[in-house]
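protein.cif (mmCIF, C-alpha atoms) appears below.
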data_model
#
loop_
_atom_site.group_PDB
_atom_site.id
_atom_site.type_symbol
_atom_site.label_atom_id
_atom_site.label_comp_id
_atom_site.auth_asym_id
_atom_site.auth_seq_id
_atom_site.Cartn_x
_atom_site.Cartn_y
_atom_site.Cartn_z
ATOM 1 C CA MET A 25 -22.235 28.335 -66.852
ATOM 2 C CA PHE A 26 -22.143 30.205 -63.550
ATOM 3 C CA ASN A 27 -23.647 27.215 -61.804
ATOM 4 C CA SER A 28 -20.912 24.921 -63.113
ATOM 5 C CA ILE A 29 -18.201 27.372 -62.029
ATOM 6 C CA GLU A 30 -19.763 27.661 -58.586
ATOM 7 C CA MET A 31 -19.933 23.874 -58.270
ATOM 8 C CA MET A 32 -16.301 23.556 -59.279
ATOM 9 C CA TYR A 33 -15.322 26.235 -56.769
ATOM 10 C CA ASN A 34 -17.181 24.468 -53.963
ATOM 11 C CA LEU A 35 -15.527 21.179 -54.891
ATOM 12 C CA ILE A 36 -12.082 22.757 -54.757
ATOM 13 C CA ILE A 37 -12.837 24.314 -51.364
ATOM 14 C CA LYS A 38 -14.076 20.978 -49.982
ATOM 15 C CA LYS A 39 -10.999 19.124 -51.271
ATOM 16 C CA TYR A 40 -8.738 21.766 -49.759
ATOM 17 C CA PHE A 41 -10.571 21.606 -46.424
ATOM 18 C CA TYR A 42 -10.446 17.817 -46.176
ATOM 19 C CA SER A 43 -6.809 17.694 -47.272
ATOM 20 C CA HIS A 44 -5.913 20.311 -44.697
ATOM 21 C CA CYS A 45 -7.698 18.362 -41.981
ATOM 22 C CA LEU A 46 -5.941 15.171 -43.023
ATOM 23 C CA VAL A 47 -2.540 16.849 -42.793
ATOM 24 C CA ILE A 48 -3.326 18.266 -39.333
ATOM 25 C CA CYS A 49 -4.602 14.898 -38.027
ATOM 26 C CA THR A 50 -1.582 13.074 -39.433
ATOM 27 C CA PHE A 51 0.799 15.578 -37.845
ATOM 28 C CA PHE A 52 -1.033 15.325 -34.499
ATOM 29 C CA PHE A 53 -0.945 11.512 -34.575
ATOM 30 C CA LEU A 54 2.761 11.424 -35.380
ATOM 31 C CA SER A 55 3.470 13.951 -32.620
ATOM 32 C CA CYS A 56 1.578 11.843 -30.080
ATOM 33 C CA SER A 57 3.319 8.680 -31.253
ATOM 34 C CA GLN A 58 6.730 10.321 -30.950
ATOM 35 C CA SER A 59 5.804 11.670 -27.498
ATOM 36 C CA ASN A 60 4.613 8.233 -26.344
ATOM 37 C CA GLN A 61 7.722 6.592 -27.746
ATOM 38 C CA PHE A 62 9.889 9.149 -26.001
ATOM 39 C CA LYS A 63 8.114 8.445 -22.713
ATOM 40 C CA LYS A 64 8.487 4.678 -23.193
ATOM 41 C CA ASP A 65 12.202 5.120 -23.882
ATOM 42 C CA ALA A 66 12.582 7.271 -20.769
ATOM 43 C CA VAL A 67 10.788 4.702 -18.588
ATOM 44 C CA ARG A 68 13.021 1.970 -20.018
ATOM 45 C CA HIS A 69 16.091 4.049 -19.135
ATOM 46 C CA VAL A 70 14.807 4.413 -15.565
ATOM 47 C CA TYR A 71 14.510 0.629 -15.220
ATOM 48 C CA ASN A 72 17.949 0.129 -16.761
ATOM 49 C CA PHE A 73 19.520 2.482 -14.221
ATOM 50 C CA ALA A 74 17.687 0.635 -11.448
ATOM 51 C CA ASP A 75 19.012 -2.722 -12.697
ATOM 52 C CA GLU A 76 22.500 -1.213 -12.668
ATOM 53 C CA ARG A 77 21.802 0.154 -9.164
ATOM 54 C CA ASN A 78 22.896 3.545 -10.424
ATOM 55 C CA SER A 79 21.321 5.581 -7.631
ATOM 56 C CA GLU A 80 23.032 8.818 -8.562
ATOM 57 C CA VAL A 81 21.412 8.970 -11.987
ATOM 58 C CA LEU A 82 18.105 7.495 -10.814
ATOM 59 C CA ILE A 83 17.766 10.239 -8.187
ATOM 60 C CA GLU A 84 17.735 12.793 -11.002
ATOM 61 C CA TYR A 85 14.577 11.182 -12.387
ATOM 62 C CA LEU A 86 12.758 12.050 -9.149
ATOM 63 C CA GLN A 87 12.584 15.604 -10.535
ATOM 64 C CA ASN A 88 11.558 14.608 -14.067
ATOM 65 C CA GLU A 89 8.744 16.630 -15.644
ATOM 66 C CA SER A 90 6.791 13.418 -16.348
ATOM 67 C CA ASP A 91 4.577 12.287 -13.454
ATOM 68 C CA GLU A 92 4.773 8.694 -14.674
ATOM 69 C CA ILE A 93 8.569 8.667 -14.768
ATOM 70 C CA ARG A 94 8.851 10.194 -11.278
ATOM 71 C CA GLU A 95 6.470 7.551 -9.950
ATOM 72 C CA HIS A 96 8.438 4.708 -11.567
ATOM 73 C CA ALA A 97 11.698 6.087 -10.179
ATOM 74 C CA CYS A 98 10.247 6.245 -6.653
ATOM 75 C CA LEU A 99 8.924 2.693 -6.796
ATOM 76 C CA LEU A 100 12.249 1.351 -8.051
ATOM 77 C CA PHE A 101 14.065 2.813 -5.054
ATOM 78 C CA GLY A 102 11.944 0.451 -2.966
ATOM 79 C CA SER A 103 14.005 -2.446 -4.312
ATOM 80 C CA ILE A 104 17.362 -0.677 -4.440
ATOM 81 C CA ASN A 105 17.328 0.595 -0.824
ATOM 82 C CA SER A 106 19.959 3.229 -1.506
ATOM 83 C CA THR A 107 20.641 5.432 1.519
ATOM 84 C CA GLU A 108 21.521 8.252 -0.881
ATOM 85 C CA ALA A 109 17.867 8.377 -1.941
ATOM 86 C CA ILE A 110 16.350 8.802 1.534
ATOM 87 C CA GLY A 111 16.593 12.586 1.520
ATOM 88 C CA PRO A 112 15.337 13.003 -2.067
ATOM 89 C CA LEU A 113 12.426 10.612 -1.442
ATOM 90 C CA LEU A 114 11.390 12.515 1.670
ATOM 91 C CA LYS A 115 11.540 15.708 -0.384
ATOM 92 C CA VAL A 116 9.249 14.112 -2.975
ATOM 93 C CA ILE A 117 6.695 13.332 -0.260
ATOM 94 C CA GLN A 118 6.898 16.882 1.038
ATOM 95 C CA THR A 119 6.839 18.790 -2.247
ATOM 96 C CA ASP A 120 5.586 16.767 -5.215
ATOM 97 C CA LYS A 121 2.168 17.927 -6.419
ATOM 98 C CA ILE A 122 1.050 14.498 -7.660
ATOM 99 C CA ALA A 123 -0.464 12.174 -5.035
ATOM 100 C CA GLY A 124 0.534 9.023 -6.928
ATOM 101 C CA VAL A 125 4.184 10.081 -6.895
ATOM 102 C CA ARG A 126 4.115 10.904 -3.177
ATOM 103 C CA LYS A 127 2.474 7.560 -2.481
ATOM 104 C CA ALA A 128 5.190 5.733 -4.464
ATOM 105 C CA ALA A 129 7.889 7.546 -2.478
ATOM 106 C CA ALA A 130 6.199 6.570 0.799
ATOM 107 C CA PHE A 131 6.076 2.935 -0.315
ATOM 108 C CA ALA A 132 9.770 3.016 -1.239
ATOM 109 C CA LEU A 133 10.829 4.380 2.146
ATOM 110 C CA GLY A 134 8.709 1.762 3.877
ATOM 111 C CA GLN A 135 10.704 -0.900 2.063
ATOM 112 C CA TYR A 136 13.870 0.469 3.651
ATOM 113 C CA GLN A 137 12.575 -0.706 7.067
ATOM 114 C CA GLN A 138 14.900 1.662 8.913
ATOM 115 C CA GLU A 139 13.933 2.823 12.393
ATOM 116 C CA ILE A 140 15.546 6.227 11.829
ATOM 117 C CA LEU A 141 12.794 7.027 9.311
ATOM 118 C CA ARG A 142 9.892 6.702 11.761
ATOM 119 C CA ASP A 143 9.773 10.307 12.982
ATOM 120 C CA SER A 144 10.229 11.816 9.513
ATOM 121 C CA LEU A 145 7.529 9.595 8.041
ATOM 122 C CA TYR A 146 5.123 10.455 10.837
ATOM 123 C CA GLN A 147 5.702 14.167 10.288
ATOM 124 C CA CYS A 148 4.926 13.608 6.617
ATOM 125 C CA PHE A 149 1.762 11.762 7.674
ATOM 126 C CA ARG A 150 0.630 14.700 9.812
ATOM 127 C CA LEU A 151 1.164 17.214 7.009
ATOM 128 C CA GLU A 152 -0.224 15.085 4.151
ATOM 129 C CA GLU A 153 -3.773 15.866 3.001
ATOM 130 C CA ASN A 154 -4.403 13.029 0.532
ATOM 131 C CA GLY A 155 -5.987 9.973 2.184
ATOM 132 C CA SER A 156 -4.350 7.420 -0.100
ATOM 133 C CA VAL A 157 -0.896 8.838 0.575
ATOM 134 C CA LYS A 158 -1.574 8.976 4.326
ATOM 135 C CA ASN A 159 -2.508 5.286 4.263
ATOM 136 C CA GLU A 160 0.772 4.414 2.538
ATOM 137 C CA LEU A 161 2.733 6.555 4.984
ATOM 138 C CA MET A 162 1.055 4.799 7.911
ATOM 139 C CA ILE A 163 2.048 1.390 6.565
ATOM 140 C CA ALA A 164 5.580 2.637 5.892
ATOM 141 C CA ILE A 165 5.864 3.756 9.528
ATOM 142 C CA GLY A 166 4.877 0.256 10.628
ATOM 143 C CA LYS A 167 7.456 -1.348 8.349
ATOM 144 C CA CYS A 168 10.065 0.887 9.979
ATOM 145 C CA ASP A 169 9.129 -0.540 13.394
ATOM 146 C CA GLY A 170 6.972 2.441 14.265
ATOM 147 C CA ALA A 171 4.423 0.859 16.595
ATOM 148 C CA GLU A 172 5.633 2.983 19.517
ATOM 149 C CA ILE A 173 5.251 6.320 17.733
ATOM 150 C CA LEU A 174 1.818 5.336 16.417
ATOM 151 C CA LEU A 175 0.714 4.267 19.889
ATOM 152 C CA LYS A 176 2.023 7.527 21.331
ATOM 153 C CA ASN A 177 0.048 9.571 18.797
ATOM 154 C CA ARG A 178 -3.044 7.359 18.640
ATOM 155 C CA LYS A 179 -5.424 10.222 19.467
ATOM 156 C CA GLU A 180 -4.213 12.152 16.412
ATOM 157 C CA ILE A 181 -5.006 9.326 13.987
ATOM 158 C CA ASP A 182 -8.527 9.525 12.563
ATOM 159 C CA SER A 183 -10.683 6.414 12.428
ATOM 160 C CA GLU A 184 -10.606 6.430 8.612
ATOM 161 C CA TYR A 185 -7.009 5.228 8.857
ATOM 162 C CA ASN A 186 -7.740 2.324 11.202
ATOM 163 C CA GLU A 187 -7.175 -0.254 8.469
ATOM 164 C CA SER A 188 -3.718 1.072 7.579
ATOM 165 C CA LEU A 189 -2.995 1.437 11.315
ATOM 166 C CA ALA A 190 -3.741 -2.278 11.784
ATOM 167 C CA LYS A 191 -1.447 -3.094 8.854
ATOM 168 C CA ALA A 192 1.265 -0.901 10.349
ATOM 169 C CA MET A 193 0.994 -2.719 13.669
ATOM 170 C CA PHE A 194 1.162 -6.061 11.890
ATOM 171 C CA TYR A 195 4.402 -5.121 10.107
ATOM 172 C CA SER A 196 5.908 -3.736 13.302
ATOM 173 C CA ILE A 197 5.027 -6.884 15.253
ATOM 174 C CA ARG A 198 6.818 -9.020 12.683
ATOM 175 C CA LYS A 199 10.076 -7.308 13.697
ATOM 176 C CA HIS A 200 9.411 -7.140 17.457
ATOM 177 C CA PRO A 201 6.712 -9.620 18.528
ATOM 178 C CA GLU A 202 7.276 -8.974 22.233
ATOM 179 C CA GLN A 203 5.651 -5.499 22.270
ATOM 180 C CA SER A 204 2.999 -6.203 24.903
ATOM 181 C CA ASN A 205 2.065 -2.513 25.244
ATOM 182 C CA ILE A 206 0.248 -2.548 21.898
ATOM 183 C CA VAL A 207 -2.105 -5.402 22.823
ATOM 184 C CA PRO A 208 -4.852 -2.930 23.884
ATOM 185 C CA ILE A 209 -4.815 -1.054 20.565
ATOM 186 C CA LEU A 210 -4.889 -4.327 18.632
ATOM 187 C CA THR A 211 -7.801 -5.475 20.790
ATOM 188 C CA GLU A 212 -9.587 -2.273 19.805
ATOM 189 C CA LEU A 213 -8.818 -2.694 16.092
ATOM 190 C CA VAL A 214 -9.845 -6.356 16.028
ATOM 191 C CA THR A 215 -13.455 -5.331 16.621
ATOM 192 C CA ILE A 216 -13.603 -3.434 13.303
ATOM 193 C CA ASP A 217 -14.922 -5.363 10.291
ATOM 194 C CA GLY A 218 -12.901 -6.076 7.158
ATOM 195 C CA GLU A 219 -9.158 -6.015 6.590
ATOM 196 C CA CYS A 220 -8.678 -4.018 9.779
ATOM 197 C CA ARG A 221 -9.848 -7.024 11.796
ATOM 198 C CA PHE A 222 -7.765 -9.447 9.720
ATOM 199 C CA TYR A 223 -4.496 -7.532 10.188
ATOM 200 C CA ALA A 224 -5.139 -6.790 13.865
ATOM 201 C CA ALA A 225 -5.831 -10.461 14.535
ATOM 202 C CA SER A 226 -2.800 -11.469 12.470
ATOM 203 C CA ALA A 227 -0.640 -9.155 14.575
ATOM 204 C CA LEU A 228 -2.015 -10.629 17.793
ATOM 205 C CA SER A 229 -1.383 -14.166 16.543
ATOM 206 C CA LYS A 230 2.290 -13.291 15.885
ATOM 207 C CA MET A 231 2.951 -11.836 19.314
ATOM 208 C CA LYS A 232 5.144 -13.467 21.911
ATOM 209 C CA ALA A 233 3.493 -11.462 24.661
ATOM 210 C CA ASP A 234 0.418 -12.394 26.699
ATOM 211 C CA ILE A 235 -2.695 -11.652 24.606
ATOM 212 C CA SER A 236 -5.222 -13.297 26.916
ATOM 213 C CA THR A 237 -6.717 -9.880 27.716
ATOM 214 C CA SER A 238 -8.007 -9.775 24.132
ATOM 215 C CA HIS A 239 -9.862 -13.112 24.393
ATOM 216 C CA ASP A 240 -13.225 -11.760 25.483
ATOM 217 C CA LYS A 241 -13.365 -9.352 22.528
ATOM 218 C CA ILE A 242 -12.301 -12.065 20.117
ATOM 219 C CA LYS A 243 -14.842 -14.557 21.438
ATOM 220 C CA SER A 244 -17.641 -12.046 20.959
ATOM 221 C CA ILE A 245 -16.899 -11.693 17.230
ATOM 222 C CA ILE A 246 -15.700 -15.152 16.159
ATOM 223 C CA SER A 247 -19.141 -16.650 15.572
ATOM 224 C CA ASP A 248 -20.329 -13.645 13.554
ATOM 225 C CA GLU A 249 -17.230 -13.374 11.359
ATOM 226 C CA SER A 250 -18.191 -14.654 7.902
ATOM 227 C CA ASN A 251 -14.770 -14.303 6.263
ATOM 228 C CA VAL A 252 -13.062 -17.667 6.678
ATOM 229 C CA SER A 253 -9.500 -16.284 6.528
ATOM 230 C CA THR A 254 -10.238 -13.726 9.213
ATOM 231 C CA ARG A 255 -12.089 -16.204 11.417
ATOM 232 C CA SER A 256 -9.224 -18.678 11.193
ATOM 233 C CA VAL A 257 -6.781 -16.030 12.435
ATOM 234 C CA LEU A 258 -9.131 -15.070 15.268
ATOM 235 C CA ILE A 259 -9.379 -18.731 16.273
ATOM 236 C CA ARG A 260 -5.606 -19.038 16.230
ATOM 237 C CA CYS A 261 -5.363 -16.078 18.626
ATOM 238 C CA ILE A 262 -7.600 -17.907 21.079
ATOM 239 C CA ALA A 263 -5.865 -21.248 20.660
ATOM 240 C CA ILE A 264 -2.215 -20.204 21.029
ATOM 241 C CA SER A 265 -2.843 -18.721 24.477
ATOM 242 C CA GLY A 266 -5.802 -20.804 25.570
ATOM 243 C CA GLU A 267 -4.355 -22.964 28.337
ATOM 244 C CA ASN A 268 -7.079 -21.817 30.721
ATOM 245 C CA ASP A 269 -9.844 -21.894 28.143
ATOM 246 C CA PHE A 270 -9.794 -25.503 27.021
ATOM 247 C CA ASN A 271 -13.567 -26.059 27.316
ATOM 248 C CA TYR A 272 -14.263 -23.163 24.969
ATOM 249 C CA ILE A 273 -11.629 -24.382 22.513
ATOM 250 C CA ASP A 274 -12.979 -27.930 22.625
ATOM 251 C CA ASN A 275 -16.509 -26.718 21.907
ATOM 252 C CA LEU A 276 -15.220 -24.486 19.109
ATOM 253 C CA PHE A 277 -13.524 -27.449 17.472
ATOM 254 C CA LYS A 278 -16.764 -29.437 17.605
ATOM 255 C CA THR A 279 -18.897 -26.691 16.090
ATOM 256 C CA GLU A 280 -16.529 -25.187 13.506
ATOM 257 C CA LYS A 281 -17.150 -26.540 9.997
ATOM 258 C CA GLU A 282 -14.506 -24.788 7.908
ATOM 259 C CA TYR A 283 -11.336 -26.795 7.321
ATOM 260 C CA LEU A 284 -9.033 -23.753 7.464
ATOM 261 C CA CYS A 285 -10.459 -22.682 10.821
ATOM 262 C CA ARG A 286 -10.171 -26.166 12.287
ATOM 263 C CA LEU A 287 -6.587 -26.357 11.066
ATOM 264 C CA SER A 288 -5.747 -23.047 12.756
ATOM 265 C CA LEU A 289 -7.260 -24.366 15.939
ATOM 266 C CA LEU A 290 -5.175 -27.537 15.818
ATOM 267 C CA ARG A 291 -1.995 -25.597 15.113
ATOM 268 C CA GLY A 292 -2.702 -23.290 18.010
ATOM 269 C CA ILE A 293 -3.321 -26.209 20.383
ATOM 270 C CA SER A 294 -0.178 -27.930 19.125
ATOM 271 C CA SER A 295 2.007 -24.923 19.929
ATOM 272 C CA TRP A 296 0.329 -24.605 23.333
ATOM 273 C CA LYS A 297 0.950 -28.238 24.257
ATOM 274 C CA SER A 298 4.589 -28.137 23.139
ATOM 275 C CA SER A 299 5.235 -24.965 25.131
ATOM 276 C CA SER A 300 3.780 -26.495 28.313
ATOM 277 C CA SER A 301 5.622 -29.796 28.077
#
Please express what this file holds, its structure, as structure tokens.
Amino acid sequence: MFNSIEMMYNLIIKKYFYSHCLVICTFFFLSCSQSNQFKKDAVRHVYNFADERNSEVLIEYLQNESDEIREHACLLFGSINSTEAIGPLLKVIQTDKIAGVRKAAAFALGQYQQEILRDSLYQCFRLEENGSVKNELMIAIGKCDGAEILLKNRKEIDSEYNESLAKAMFYSIRKHPEQSNIVPILTELVTIDGECRFYAASALSKMKADISTSHDKIKSIISDESNVSTRSVLIRCIAISGENDFNYIDNLFKTEKEYLCRLSLLRGISSWKSSSS
């Protein structure tokens, strides 16, 4: 009799325990679902305000408690280009604790492409400790035509940021291709493998200044460059200013097998011939 009572008691306890756990799990799941739904609704509101170009309200989201919402708000200001948001975005870079949010704010200000932002962005770069954010700030400085300030402070920029420095120079050159004083730094960056070389060469190929001083460096790396896109840009650099180097260019055309590289060579020669006629 006692055994049967004990068994019944244990069964009741087990049922109570499992029921209690089920209630807790259900409550937790519903809470998470409501929280996720709330966050989704908030993100949708952020995008709606951006579509309406309602900068005043969107600025308020830069201080939202959700890291995700603050990041979305920062990124959206990159397409709105509201001058009212410049100060708040700079404040985000200076004070927000989340690197992803600071990086989004740096990207947004880069999209503004305003020269007045160069000094402020560089100060942010100097004070920033996160490498990913520093890279984005460097590129933003370039987009704001910051080649001069980067050249001036070249000794302060660590080699780990060479790739973003090359990108910054490329974006700056697109706005002012006549900046002959940055040819030496691009010649330095073009010797570094990877995207650094690609963007440095791309910047050189866009310049309207004399880049012939970079030819020797470029020649020394063309044959060893395995990336076709990068090699084609390097070849274009040689070709567009190769009036006095026709024998080298002719030999390069005979030995180069890749179609893209040969095409770059022909385009470079074409621009050279038309400019001399």
So which residues fall inside 12 Å of (10.8, 10.6, 13.9) if we count only C-alpha atoms? Mind giving them as a PyMOL selection string? chain A and resi 138-150+165+168-174+176-177
Residues from last step as file, C-alpha atoms, as an mmCIF file, in the coordinates of the input:
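Output saved as again-v2.cif:
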data_model
loop_
_atom_site.group_PDB
_atom_site.id
_atom_site.type_symbol
_atom_site.label_atom_id
_atom_site.label_comp_id
_atom_site.auth_asym_id
_atom_site.auth_seq_id
_atom_site.Cartn_x
_atom_site.Cartn_y
_atom_site.Cartn_z
ATOM 1 C CA GLN A 138 14.900 1.662 8.913
ATOM 2 C CA GLU A 139 13.933 2.823 12.393
ATOM 3 C CA ILE A 140 15.546 6.227 11.829
ATOM 4 C CA LEU A 141 12.794 7.027 9.311
ATOM 5 C CA ARG A 142 9.892 6.702 11.761
ATOM 6 C CA ASP A 143 9.773 10.307 12.982
ATOM 7 C CA SER A 144 10.229 11.816 9.513
ATOM 8 C CA LEU A 145 7.529 9.595 8.041
ATOM 9 C CA TYR A 146 5.123 10.455 10.837
ATOM 10 C CA GLN A 147 5.702 14.167 10.288
ATOM 11 C CA CYS A 148 4.926 13.608 6.617
ATOM 12 C CA PHE A 149 1.762 11.762 7.674
ATOM 13 C CA ARG A 150 0.630 14.700 9.812
ATOM 14 C CA ILE A 165 5.864 3.756 9.528
ATOM 15 C CA CYS A 168 10.065 0.887 9.979
ATOM 16 C CA ASP A 169 9.129 -0.540 13.394
ATOM 17 C CA GLY A 170 6.972 2.441 14.265
ATOM 18 C CA ALA A 171 4.423 0.859 16.595
ATOM 19 C CA GLU A 172 5.633 2.983 19.517
ATOM 20 C CA ILE A 173 5.251 6.320 17.733
ATOM 21 C CA LEU A 174 1.818 5.336 16.417
ATOM 22 C CA LYS A 176 2.023 7.527 21.331
ATOM 23 C CA ASN A 177 0.048 9.571 18.797
#
Using only C-alpha atoms, which residues sit within 12 Å of A:Gly111 once same-chain residues fewer than 2 positions away are excluded, as JSON, numbers by chain? {"A": [83, 86, 106, 107, 108, 109, 113, 114, 115, 116, 117, 118, 129, 133, 141, 144, 145]}
Determine, for each residue of stretch 106-213 of chain A having at least one atom at most 12 Å from an atom of stretch 90-96 of chain A, the closest pair of atoms and their separation in Å to one decimal, counting all atoms listed in the file; order by chain and ascending number, as a tab-separated table.
residue	atom	partner	partner_atom	distance
A:Pro112	CA	A:Arg94	CA	11.6
A:Leu113	CA	A:Arg94	CA	10.5
A:Val116	CA	A:Arg94	CA	9.2
A:Ile117	CA	A:Glu95	CA	11.3
A:Asp120	CA	A:Asp91	CA	9.4
A:Lys121	CA	A:Asp91	CA	9.3
A:Ile122	CA	A:Asp91	CA	7.1
A:Ala123	CA	A:Glu95	CA	9.7
A:Gly124	CA	A:Glu95	CA	6.8
A:Val125	CA	A:Glu95	CA	4.6
A:Arg126	CA	A:Glu95	CA	7.9
A:Lys127	CA	A:Glu95	CA	8.5
A:Ala128	CA	A:Glu95	CA	5.9
A:Ala129	CA	A:Glu95	CA	7.6
A:Ala130	CA	A:Glu95	CA	10.8
A:Phe131	CA	A:Glu95	CA	10.7
A:Ala132	CA	A:Glu95	CA	10.4
Kindly save the residues from that selection, with C-alpha atoms included, as a PDB file, keeping the file's coordinate frame.
ATOM      1  CA  PRO A 112      15.337  13.003  -2.067  1.00  0.00           C
ATOM      2  CA  LEU A 113      12.426  10.612  -1.442  1.00  0.00           C
ATOM      3  CA  VAL A 116       9.249  14.112  -2.975  1.00  0.00           C
ATOM      4  CA  ILE A 117       6.695  13.332  -0.260  1.00  0.00           C
ATOM      5  CA  ASP A 120       5.586  16.767  -5.215  1.00  0.00           C
ATOM      6  CA  LYS A 121       2.168  17.927  -6.419  1.00  0.00           C
ATOM      7  CA  ILE A 122       1.050  14.498  -7.660  1.00  0.00           C
ATOM      8  CA  ALA A 123      -0.464  12.174  -5.035  1.00  0.00           C
ATOM      9  CA  GLY A 124       0.534   9.023  -6.928  1.00  0.00           C
ATOM     10  CA  VAL A 125       4.184  10.081  -6.895  1.00  0.00           C
ATOM     11  CA  ARG A 126       4.115  10.904  -3.177  1.00  0.00           C
ATOM     12  CA  LYS A 127       2.474   7.560  -2.481  1.00  0.00           C
ATOM     13  CA  ALA A 128       5.190   5.733  -4.464  1.00  0.00           C
ATOM     14  CA  ALA A 129       7.889   7.546  -2.478  1.00  0.00           C
ATOM     15  CA  ALA A 130       6.199   6.570   0.799  1.00  0.00           C
ATOM     16  CA  PHE A 131       6.076   2.935  -0.315  1.00  0.00           C
ATOM     17  CA  ALA A 132       9.770   3.016  -1.239  1.00  0.00           C
TER      18      ALA A 132
END
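Using all atoms listed in the file, the nearest neighbour of A:Glu282 within the list A:Ile110, A:Val252, A:Cys98, A:Leu161 is A:Val252.
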Choose the residue, out of A:Asn159, A:Thr254, A:Asn268, A:Thr119, that has the smallest atom-to-atom separation from A:Ala227; count all atoms listed in the file.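 Under the stated criterion, the closest residue is A:Thr254.
Going from atom CA of A:Arg178 to atom CA of A:Ala263 covers 28.8 Å.
Excluding A:Ile242 itself and any same-chain residue fewer than 2 positions from it, the protein and nucleic acid residues within 9 Å of it, counting all atoms listed in the file, are Thr211, Val214, Thr215, Ala225, Ser238, His239, Asp240, Ser244, Ile245, Ile246, Leu258, Ile259, Cys261 and Ile262 of chain A.
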For A:Lys167, the nearest of the candidates A:Ser256, A:Gln137, A:Asn205, A:Ser183, counting only C-alpha atoms: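 Result for the nearest residue to A:Lys167: A:Gln137.
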Within 10 Å of A:Ile209, counting all atoms listed in the file, which residues qualify if same-chain residues fewer than 6 places away don't, as a PDB file with C-alpha atoms, in the coordinates of the input?
ATOM      1  CA  LEU A 175       0.714   4.267  19.889  1.00  0.00           C
ATOM      2  CA  ARG A 178      -3.044   7.359  18.640  1.00  0.00           C
ATOM      3  CA  LEU A 189      -2.995   1.437  11.315  1.00  0.00           C
ATOM      4  CA  ALA A 190      -3.741  -2.278  11.784  1.00  0.00           C
ATOM      5  CA  MET A 193       0.994  -2.719  13.669  1.00  0.00           C
ATOM      6  CA  ALA A 224      -5.139  -6.790  13.865  1.00  0.00           C
ATOM      7  CA  SER A 238      -8.007  -9.775  24.132  1.00  0.00           C
TER       8      SER A 238
END
Can you spell out as a PDB file with C-alpha atoms, keeping the file's coordinate frame the set of residues that the PyMOL selection byres ((chain A and resi 287) around 12) selects in the structure I just provided?
ATOM      1  CA  VAL A 252     -13.062 -17.667   6.678  1.00  0.00           C
ATOM      2  CA  SER A 253      -9.500 -16.284   6.528  1.00  0.00           C
ATOM      3  CA  ARG A 255     -12.089 -16.204  11.417  1.00  0.00           C
ATOM      4  CA  SER A 256      -9.224 -18.678  11.193  1.00  0.00           C
ATOM      5  CA  VAL A 257      -6.781 -16.030  12.435  1.00  0.00           C
ATOM      6  CA  ILE A 259      -9.379 -18.731  16.273  1.00  0.00           C
ATOM      7  CA  ARG A 260      -5.606 -19.038  16.230  1.00  0.00           C
ATOM      8  CA  ALA A 263      -5.865 -21.248  20.660  1.00  0.00           C
ATOM      9  CA  LEU A 276     -15.220 -24.486  19.109  1.00  0.00           C
ATOM     10  CA  PHE A 277     -13.524 -27.449  17.472  1.00  0.00           C
ATOM     11  CA  GLU A 280     -16.529 -25.187  13.506  1.00  0.00           C
ATOM     12  CA  LYS A 281     -17.150 -26.540   9.997  1.00  0.00           C
ATOM     13  CA  GLU A 282     -14.506 -24.788   7.908  1.00  0.00           C
ATOM     14  CA  TYR A 283     -11.336 -26.795   7.321  1.00  0.00           C
ATOM     15  CA  LEU A 284      -9.033 -23.753   7.464  1.00  0.00           C
ATOM     16  CA  CYS A 285     -10.459 -22.682  10.821  1.00  0.00           C
ATOM     17  CA  ARG A 286     -10.171 -26.166  12.287  1.00  0.00           C
ATOM     18  CA  SER A 288      -5.747 -23.047  12.756  1.00  0.00           C
ATOM     19  CA  LEU A 289      -7.260 -24.366  15.939  1.00  0.00           C
ATOM     20  CA  LEU A 290      -5.175 -27.537  15.818  1.00  0.00           C
ATOM     21  CA  ARG A 291      -1.995 -25.597  15.113  1.00  0.00           C
ATOM     22  CA  GLY A 292      -2.702 -23.290  18.010  1.00  0.00           C
ATOM     23  CA  ILE A 293      -3.321 -26.209  20.383  1.00  0.00           C
ATOM     24  CA  SER A 294      -0.178 -27.930  19.125  1.00  0.00           C
TER      25      SER A 294
END
Residue IDs satisfying the PyMOL selection byres ((chain A and resi 81) around 12), as a list in words: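 Here the PyMOL selection byres ((chain A and resi 81) around 12) matches His69, Val70, Tyr71, Asn72, Phe73, Ala74, Asp75, Glu76, Arg77, Asn78, Ser79, Glu80, Leu82, Ile83, Glu84, Tyr85, Leu86, Gln87, Asn88, Ala97, Phe101, Glu108 and Ala109 of chain A.
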Could you take the residues named above and write them with C-alpha atoms, as a short mmCIF file (atom, residue, chain, number, x, y, z; two decimals), in the coordinates of the input?
data_model
loop_
_atom_site.label_atom_id
_atom_site.label_comp_id
_atom_site.auth_asym_id
_atom_site.auth_seq_id
_atom_site.Cartn_x
_atom_site.Cartn_y
_atom_site.Cartn_z
CA HIS A 69 16.09 4.05 -19.14
CA VAL A 70 14.81 4.41 -15.56
CA TYR A 71 14.51 0.63 -15.22
CA ASN A 72 17.95 0.13 -16.76
CA PHE A 73 19.52 2.48 -14.22
CA ALA A 74 17.69 0.64 -11.45
CA ASP A 75 19.01 -2.72 -12.70
CA GLU A 76 22.50 -1.21 -12.67
CA ARG A 77 21.80 0.15 -9.16
CA ASN A 78 22.90 3.54 -10.42
CA SER A 79 21.32 5.58 -7.63
CA GLU A 80 23.03 8.82 -8.56
CA LEU A 82 18.10 7.50 -10.81
CA ILE A 83 17.77 10.24 -8.19
CA GLU A 84 17.74 12.79 -11.00
CA TYR A 85 14.58 11.18 -12.39
CA LEU A 86 12.76 12.05 -9.15
CA GLN A 87 12.58 15.60 -10.54
CA ASN A 88 11.56 14.61 -14.07
CA ALA A 97 11.70 6.09 -10.18
CA PHE A 101 14.06 2.81 -5.05
CA GLU A 108 21.52 8.25 -0.88
CA ALA A 109 17.87 8.38 -1.94
#
